[in-house]
>>> print(open('entry.pdb').read())   # PDB, C-alpha atoms
ATOM      1  CA  MET A   1     -79.244 -50.048   0.233
ATOM      2  CA  THR A   2     -81.657 -52.400   2.020
ATOM      3  CA  ASN A   3     -84.626 -50.394   0.708
ATOM      4  CA  LEU A   4     -83.332 -50.861  -2.829
ATOM      5  CA  ARG A   5     -83.097 -54.611  -2.295
ATOM      6  CA  LYS A   6     -86.673 -54.765  -1.052
ATOM      7  CA  GLU A   7     -87.884 -52.749  -4.037
ATOM      8  CA  LEU A   8     -85.923 -54.976  -6.419
ATOM      9  CA  GLN A   9     -87.543 -58.046  -4.893
ATOM     10  CA  LYS A  10     -91.003 -56.533  -5.418
ATOM     11  CA  CYS A  11     -90.382 -55.998  -9.124
ATOM     12  CA  LYS A  12     -92.140 -58.589 -11.233
ATOM     13  CA  HIS A  13     -90.013 -58.736 -14.354
ATOM     14  CA  PRO A  14     -86.173 -58.669 -14.360
ATOM     15  CA  ASN A  15     -86.013 -56.547 -17.539
ATOM     16  CA  SER A  16     -88.630 -53.966 -16.586
ATOM     17  CA  ARG A  17     -87.762 -50.260 -16.618
ATOM     18  CA  LYS A  18     -88.255 -49.996 -12.853
ATOM     19  CA  THR A  19     -85.885 -52.911 -12.213
ATOM     20  CA  LYS A  20     -83.213 -51.405 -14.461
ATOM     21  CA  ALA A  21     -83.561 -47.986 -12.796
ATOM     22  CA  LEU A  22     -83.233 -49.508  -9.327
ATOM     23  CA  SER A  23     -80.202 -51.564 -10.339
ATOM     24  CA  ARG A  24     -78.547 -48.411 -11.790
ATOM     25  CA  LYS A  25     -79.240 -46.576  -8.534
ATOM     26  CA  ALA A  26     -77.765 -49.442  -6.490
ATOM     27  CA  ARG A  27     -74.683 -49.574  -8.729
ATOM     28  CA  ARG A  28     -74.194 -45.798  -8.384
ATOM     29  CA  GLN A  29     -74.411 -45.984  -4.574
ATOM     30  CA  ASN A  30     -71.972 -48.877  -4.532
ATOM     31  CA  ASN A  31     -69.465 -46.963  -6.699
ATOM     32  CA  LYS A  32     -69.736 -43.878  -4.457
ATOM     33  CA  HIS A  33     -69.084 -46.022  -1.406
ATOM     34  CA  LYS A  34     -66.030 -47.626  -3.057
ATOM     35  CA  ALA A  35     -64.636 -44.203  -4.021
ATOM     36  CA  ARG A  36     -65.084 -42.907  -0.459
ATOM     37  CA  MET A  37     -63.347 -45.970   0.955
ATOM     38  CA  GLY A  38     -60.476 -45.588  -1.532
ATOM     39  CA  HIS A  39     -59.887 -41.973  -0.476
ATOM     40  CA  ALA A  40     -60.035 -42.944   3.198
ATOM     41  CA  ILE A  41     -57.498 -45.742   2.729
ATOM     42  CA  LYS A  42     -55.133 -43.463   0.801
ATOM     43  CA  SER A  43     -55.335 -40.715   3.428
ATOM     44  CA  ASN A  44     -54.733 -43.282   6.203
ATOM     45  CA  ILE A  45     -51.597 -44.579   4.470
ATOM     46  CA  MET A  46     -50.327 -41.044   3.881
ATOM     47  CA  GLY A  47     -51.165 -40.136   7.488
ATOM     48  CA  GLU A  48     -49.145 -43.095   8.778
ATOM     49  CA  LYS A  49     -46.193 -42.087   6.594
ATOM     50  CA  LEU A  50     -46.272 -38.466   7.787
ATOM     51  CA  CYS A  51     -46.675 -39.605  11.412
ATOM     52  CA  TRP A  52     -43.519 -41.709  11.042
ATOM     53  CA  PHE A  53     -41.584 -38.671   9.798
ATOM     54  CA  LEU A  54     -43.070 -36.478  12.536
ATOM     55  CA  ASP A  55     -42.045 -39.009  15.202
ATOM     56  CA  HIS A  56     -38.455 -39.019  13.937
ATOM     57  CA  ILE A  57     -38.070 -35.227  13.991
ATOM     58  CA  ASP A  58     -36.944 -33.504  17.171
ATOM     59  CA  GLU A  59     -39.880 -31.528  18.617
ATOM     60  CA  LYS A  60     -37.626 -28.566  19.454
ATOM     61  CA  ARG A  61     -36.365 -28.262  15.906
ATOM     62  CA  THR A  62     -37.458 -25.042  14.194
ATOM     63  CA  GLU A  63     -35.347 -24.872  11.043
ATOM     64  CA  PRO A  64     -35.960 -27.081   7.985
ATOM     65  CA  PHE A  65     -33.728 -29.998   7.082
ATOM     66  CA  THR A  66     -30.641 -29.731   4.952
ATOM     67  CA  PRO A  67     -30.795 -31.935   1.841
ATOM     68  CA  GLN A  68     -28.330 -34.407   3.402
ATOM     69  CA  GLU A  69     -30.375 -34.702   6.619
ATOM     70  CA  PHE A  70     -33.549 -35.173   4.584
ATOM     71  CA  GLU A  71     -31.931 -37.919   2.513
ATOM     72  CA  ASP A  72     -30.721 -39.663   5.693
ATOM     73  CA  LEU A  73     -34.262 -39.513   7.109
ATOM     74  CA  ILE A  74     -35.720 -41.035   3.914
ATOM     75  CA  VAL A  75     -33.114 -43.829   3.968
ATOM     76  CA  LEU A  76     -34.071 -44.501   7.596
ATOM     77  CA  TYR A  77     -37.741 -44.577   6.534
ATOM     78  CA  LEU A  78     -36.993 -47.132   3.815
ATOM     79  CA  LYS A  79     -35.231 -49.337   6.426
ATOM     80  CA  ARG A  80     -38.050 -49.161   8.990
ATOM     81  CA  PHE A  81     -39.036 -52.846   8.561
ATOM     82  CA  ASP A  82     -35.527 -54.324   8.758
ATOM     83  CA  GLU A  83     -35.904 -55.368  12.397
ATOM     84  CA  GLU A  84     -39.257 -57.044  11.765
ATOM     85  CA  LEU A  85     -37.880 -58.901   8.733
ATOM     86  CA  SER A  86     -34.942 -60.175  10.777
ATOM     87  CA  GLN A  87     -37.346 -61.367  13.511
ATOM     88  CA  ILE A  88     -39.392 -63.236  10.895
ATOM     89  CA  ALA A  89     -36.213 -64.830   9.519
ATOM     90  CA  ILE A  90     -35.192 -65.949  13.014
ATOM     91  CA  LYS A  91     -38.620 -67.445  13.717
ATOM     92  CA  GLN A  92     -38.594 -69.286  10.403
ATOM     93  CA  SER A  93     -35.100 -70.669  10.964
ATOM     94  CA  ILE A  94     -35.996 -72.146  14.376
ATOM     95  CA  SER A  95     -38.410 -74.730  13.056
ATOM     96  CA  LYS A  96     -38.657 -76.196   9.593
ATOM     97  CA  ASN A  97     -42.344 -76.952  10.060
ATOM     98  CA  ARG A  98     -43.175 -73.291  10.613
ATOM     99  CA  ALA A  99     -41.226 -71.968   7.653
ATOM    100  CA  LYS A 100     -44.312 -70.443   6.062
ATOM    101  CA  ARG A 101     -45.927 -69.151   9.234
ATOM    102  CA  TYR A 102     -45.224 -65.445   8.686
ATOM    103  CA  ALA A 103     -44.938 -65.607   4.902
ATOM    104  CA  ALA A 104     -47.935 -63.325   4.283
ATOM    105  CA  ARG A 105     -46.581 -60.539   6.493
ATOM    106  CA  GLU A 106     -43.119 -60.926   5.004
ATOM    107  CA  ASP A 107     -44.524 -60.662   1.465
ATOM    108  CA  VAL A 108     -46.535 -57.543   2.329
ATOM    109  CA  ILE A 109     -43.448 -55.863   3.814
ATOM    110  CA  LYS A 110     -41.249 -56.770   0.852
ATOM    111  CA  ILE A 111     -43.808 -55.573  -1.698
ATOM    112  CA  THR A 112     -44.311 -52.289   0.191
ATOM    113  CA  LEU A 113     -40.577 -51.632   0.473
ATOM    114  CA  GLU A 114     -39.943 -52.493  -3.176
ATOM    115  CA  LYS A 115     -42.734 -50.157  -4.275
ATOM    116  CA  GLU A 116     -41.463 -47.293  -2.091
ATOM    117  CA  ARG A 117     -37.841 -47.767  -3.211
ATOM    118  CA  ASN A 118     -38.915 -47.759  -6.868
ATOM    119  CA  GLU A 119     -40.968 -44.603  -6.326
ATOM    120  CA  TYR A 120     -38.064 -42.879  -4.552
ATOM    121  CA  GLN A 121     -35.502 -43.867  -7.202
ATOM    122  CA  SER A 122     -37.695 -43.001 -10.204
ATOM    123  CA  GLY A 123     -40.614 -40.550 -10.233
ATOM    124  CA  GLY A 124     -40.774 -39.754  -6.554
ATOM    125  CA  MET A 125     -42.798 -40.711  -3.527
ATOM    126  CA  GLU A 126     -45.547 -38.465  -2.254
ATOM    127  CA  LEU A 127     -44.161 -36.590   0.743
ATOM    128  CA  LEU A 128     -43.630 -33.126   2.159
ATOM    129  CA  ASN A 129     -40.387 -31.478   1.102
ATOM    130  CA  LEU A 130     -38.901 -30.907   4.552
ATOM    131  CA  CYS A 131     -36.135 -28.690   3.112
ATOM    132  CA  GLU A 132     -38.698 -25.935   2.493
ATOM    133  CA  PRO A 133     -39.443 -23.830   5.599
ATOM    134  CA  THR A 134     -43.199 -23.488   4.962
ATOM    135  CA  LYS A 135     -43.749 -27.221   4.419
ATOM    136  CA  PHE A 136     -41.562 -28.101   7.399
ATOM    137  CA  LYS A 137     -43.625 -25.726   9.544
ATOM    138  CA  SER A 138     -46.906 -27.193   8.251
ATOM    139  CA  LEU A 139     -45.726 -30.724   9.190
ATOM    140  CA  MET A 140     -44.681 -29.596  12.674
ATOM    141  CA  GLU A 141     -48.093 -27.931  13.173
ATOM    142  CA  TRP A 142     -50.036 -30.907  11.754
ATOM    143  CA  ASN A 143     -52.217 -32.596  14.376
ATOM    144  CA  GLY A 144     -51.654 -36.148  13.104
ATOM    145  CA  ASN A 145     -55.225 -36.614  11.885
ATOM    146  CA  ALA A 146     -55.569 -38.570   8.635
ATOM    147  CA  LEU A 147     -58.549 -36.432   7.605
ATOM    148  CA  THR A 148     -56.410 -33.269   7.497
ATOM    149  CA  VAL A 149     -53.723 -34.808   5.253
ATOM    150  CA  GLN A 150     -55.566 -33.422   2.238
ATOM    151  CA  HIS A 151     -54.798 -29.866   3.420
ATOM    152  CA  LEU A 152     -51.023 -30.447   3.264
ATOM    153  CA  LYS A 153     -49.273 -29.631  -0.013
ATOM    154  CA  LEU A 154     -47.381 -32.812  -0.884
ATOM    155  CA  ASP A 155     -44.493 -33.075  -3.344
ATOM    156  CA  LEU A 156     -43.000 -35.951  -5.286
ATOM    157  CA  VAL A 157     -39.694 -36.434  -3.478
ATOM    158  CA  SER A 158     -37.148 -38.444  -5.443
ATOM    159  CA  HIS A 159     -33.446 -39.218  -5.242
ATOM    160  CA  ASN A 160     -32.779 -36.887  -8.193
ATOM    161  CA  MET A 161     -34.653 -34.027  -6.502
ATOM    162  CA  ILE A 162     -32.557 -34.366  -3.353
ATOM    163  CA  GLN A 163     -29.359 -34.424  -5.417
ATOM    164  CA  ARG A 164     -30.474 -31.177  -7.101
ATOM    165  CA  LEU A 165     -31.167 -29.652  -3.688
ATOM    166  CA  LYS A 166     -27.680 -30.682  -2.546
ATOM    167  CA  ASN A 167     -26.113 -29.050  -5.619
ATOM    168  CA  VAL A 168     -28.053 -25.829  -5.060
ATOM    169  CA  ALA A 169     -27.045 -25.789  -1.381
ATOM    170  CA  SER A 170     -23.359 -26.309  -2.221
ATOM    171  CA  GLU A 171     -23.509 -23.527  -4.836
ATOM    172  CA  ASN A 172     -25.073 -21.200  -2.270
ATOM    173  CA  ILE A 173     -22.301 -22.006   0.207
ATOM    174  CA  GLU A 174     -19.674 -21.281  -2.464
ATOM    175  CA  HIS A 175     -21.301 -17.907  -3.238
ATOM    176  CA  ILE A 176     -21.367 -17.037   0.465
ATOM    177  CA  MET A 177     -17.712 -18.023   0.823
ATOM    178  CA  ASP A 178     -16.767 -15.958  -2.252
ATOM    179  CA  ALA A 179     -18.700 -12.980  -0.870
ATOM    180  CA  ASN A 180     -16.946 -13.298   2.505
ATOM    181  CA  VAL A 181     -13.525 -13.453   0.801
ATOM    182  CA  THR A 182     -14.394 -10.386  -1.272
ATOM    183  CA  LYS A 183     -15.505  -8.488   1.843
ATOM    184  CA  ALA A 184     -12.335  -9.533   3.692
ATOM    185  CA  THR A 185     -10.080  -8.312   0.858
ATOM    186  CA  ALA A 186     -12.042  -5.058   0.654
ATOM    187  CA  VAL A 187     -11.611  -4.515   4.400
ATOM    188  CA  GLU A 188      -7.885  -5.267   4.133
ATOM    189  CA  CYS A 189      -7.529  -2.803   1.252
ATOM    190  CA  THR A 190      -9.315  -0.045   3.147
ATOM    191  CA  THR A 191      -7.230  -0.639   6.288
ATOM    192  CA  ASN A 192      -4.040  -0.536   4.196
ATOM    193  CA  THR A 193      -5.061   2.739   2.570
ATOM    194  CA  ILE A 194      -5.983   4.223   5.937
ATOM    195  CA  GLN A 195      -2.596   3.194   7.372
ATOM    196  CA  MET A 196      -0.816   4.743   4.373
ATOM    197  CA  ASP A 197      -2.743   7.976   4.817
ATOM    198  CA  VAL A 198      -1.790   8.126   8.473
ATOM    199  CA  ARG A 199       1.932   7.815   7.628
TER     200      ARG A 199
END
>>> encode(input="entry.pdb", output="structure tokens")
Amino acid sequence: MTNLRKELQKCKHPNSRKTKALSRKARRQNNKHKARMGHAIKSNIMGEKLCWFLDHIDEKRTEPFTPQEFEDLIVLYLKRFDEELSQIAIKQSISKNRAKRYAAREDVIKITLEKERNEYQSGGMELLNLCEPTKFKSLMEWNGNALTVQHLKLDLVSHNMIQRLKNVASENIEHIMDANVTKATAVECTTNTIQMDVR
């Protein structure tokens, strides 16, 4: 970039072809740098989110979450700043002169939480579906590096999706219960017929 600046300074006329070519090249390099920084910031934010979930999962756990456990974990994630907000409120209530001291941090927290709640309630927030065994395993094996976040297959997890998972899980439990009842009645019938044959 510094070489481009030196070459631009050497150019005699601001509208010459060489000046325009150098300015295009500088603009292109600047845009590439901005794109790289944007990807890095996004992967850092996603890495922090996944690290939070990884920290709140028991290390000895091997089976994936049930939909209810997953929903409880997401609710806990959405309440992660409550303690900090209460501390800010206490500090602001102590002195009237310092009422705006932590206003910037408070605004950032509130905007972040509002955005995440809206994503969760509507389209979904980008996250691993921890109810699926393969994705749960990939999170448990993840090394915590923000650069490797791109290798994880993320889903859009929403409130509606978790409700659907709960319905599917309850239907599966009902089918298992019905199958067990059917097996129990079949066993009773066979034992009754065997007892009748013995008599």
>>> closest_residue(input="entry.pdb", among="A:Asp155, A:Asp55, A:Asp107, A:Glu114", to="A:Leu73", atoms="all atoms listed in the file")
A:Asp55
>>> residues_around(input="entry.pdb", residues="A:Thr66", least_positions_apart="2", cutoff="9 Å", atoms="only C-alpha atoms", output="number ranges by chain")
A: 64, 68-71, 130-131, 165-166, 169
>>> residues_around(input="entry.pdb", residues="A:Leu113", least_positions_apart="2", cutoff="10 Å", atoms="only C-alpha atoms", output="NGL selection string")
:A and (77-81 or 107-111 or 115-119)
>>> atom_distance(input="entry.pdb", atom1="atom CA of A:Ser23", atom2="atom CA of A:Leu4")
8.2 Å
>>> residues_around(input="entry.pdb", residues="A:Ile41", least_positions_apart="5", cutoff="12 Å", atoms="all atoms listed in the file", output="list of chain:residue names")
A:Lys34, A:Ala35, A:Arg36, A:Met46, A:Gly47, A:Glu48, A:Ala146, A:Leu147, A:Val149
>>> atom_distance(input="entry.pdb", atom1="atom CA of A:Leu127", atom2="atom CA of A:Leu76")
14.5 Å
>>> atom_distance(input="entry.pdb", atom1="atom CA of A:Leu139", atom2="atom CA of A:Gly123")
22.4 Å
>>> resolve_selection(input="entry.pdb", expression="the PyMOL selection byres ((chain A and resi 159) around 6)", output="PyMOL selection string")
chain A and resi 120-121+158+160-162
